[in-house]
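Asker: Before we start, here is the structure in question, set down as structure tokens.
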Amino acid sequence: YIMSKPWGYSLHMDLARCNDNIKNADKIVEFSTKLIKKIKMKAYGPPILEHFGEGNKKGYTLVQLIETSCLTAHFTEDVNSMYLDLFSCKEFKENDVVSMVSKYFEPDTISSHFLVRGV
């Protein structure tokens, strides 16, 4: 059985040497809220944001459920890096996500992989 349409879309991003917004809970929540609006998704409840870990693992973790799946991001304070994953059954534009990440976190480098999911 082969699906005629994709099941979903998945974006994986690694961001290096970001600004100090990765250490700011208010900025991370604001980023999540505005990103969800920009990609025309609907948040399912408020974002979950926790700060934990030790050494080079210390930082925030963000989880935002959306009606079509979820956004997750991990922030490592030791090297100011960010790791973002977004999956949705509803199509979104990779460039919209890249522009929001760049605006909020100003990374020196971005590595991203966009996948069309389905069988």
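Order determines the names: the first chain of the structure tokens is A, the second B, and so forth; residues in each chain are numbered 1 upward, and ligands are numbered 1 upward as they are shown.
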Please run DSSP on the backbone and report, as a list in words, all residues within chain A that come out as alpha helix (DSSP H).

Answerer: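 Answer for chain A, restricted to alpha helix (DSSP H): Ala25, Asp26, Lys27, Ile28, Val29, Glu30, Phe31, Ser32, Thr33, Lys34, Leu35, Ile36, Lys37, Lys38, Glu94, Asn95, Asp96, Val97, Val98, Ser99, Met100, Val101, Ser102, Lys103, Tyr104 and Phe105 of chain A.
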
Asker: Taking 5 positions as the minimum chain separation for residues in the same chain, which residues sit within 6 Å of Ser81 (chain A) when counting only C-alpha atoms? Answer as a list in words.

Answerer: Leu15, Ala16, Arg17, Cys18, Phe75 and Thr76 of chain A

Asker: Compile the contact shell of region 63-66 of chain A as a ChimeraX atom specification: residues with an atom at most 6 Å away, counting only C-alpha atoms, same-chain residues fewer than 3 positions apart removed.

Answerer: /A:42-44,47-48,69-72

Asker: Using only C-alpha atoms, which residue out of A:Glu106, A:Glu67, A:Asp14, A:Asp96 lies closest to Met41 (chain A)?

Answerer: A:Glu67

Asker: Using only C-alpha atoms, which of A:Ser111, A:Thr68, A:Asn24, A:Asn95 sits nearest Glu50 (chain A)?

Answerer: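 Looking only at the distances to Glu50 (chain A), the closest residue turns out to be A:Asn24.
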
Asker: Quick one: of A:Asn19, A:Thr61, A:Asn56, A:Ser88, who's nearest to Phe114 (chain A), counting only C-alpha atoms?

Answerer: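 Going through A:Asn19, A:Thr61, A:Asn56, A:Ser88 one by one, the smallest distance to Phe114 (chain A) is for A:Ser88.
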
Asker: Which one of A:Phe31, A:Phe52, A:Phe92, A:Tyr60 sits closest to Gly8 (chain A) if you count only C-alpha atoms?

Answerer: A:Phe92

Asker: DSSP on the backbone, then: every residue of region 37-105 of chain A marked strand (DSSP E), written as a list in words.

Answerer: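 Output for region 37-105 of chain A, strand (DSSP E) only: Ile48, Leu49, Glu50, His51, Phe52, Gly59, Tyr60, Thr61, Leu62, Val63, Gln64, Leu65, Ile66, Ser69, Cys70, Leu71, Thr72, Ala73, His74, Phe75, Thr76, Ser81, Met82, Tyr83, Leu84, Asp85, Leu86, Phe87 and Ser88 of chain A.
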
Asker: Nearest residue to Thr109 (chain A) out of A:Lys40, A:Lys90, A:Asn80, A:Val97, using only C-alpha atoms?

Answerer: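 So, comparing all the options, the nearest one is A:Asn80.
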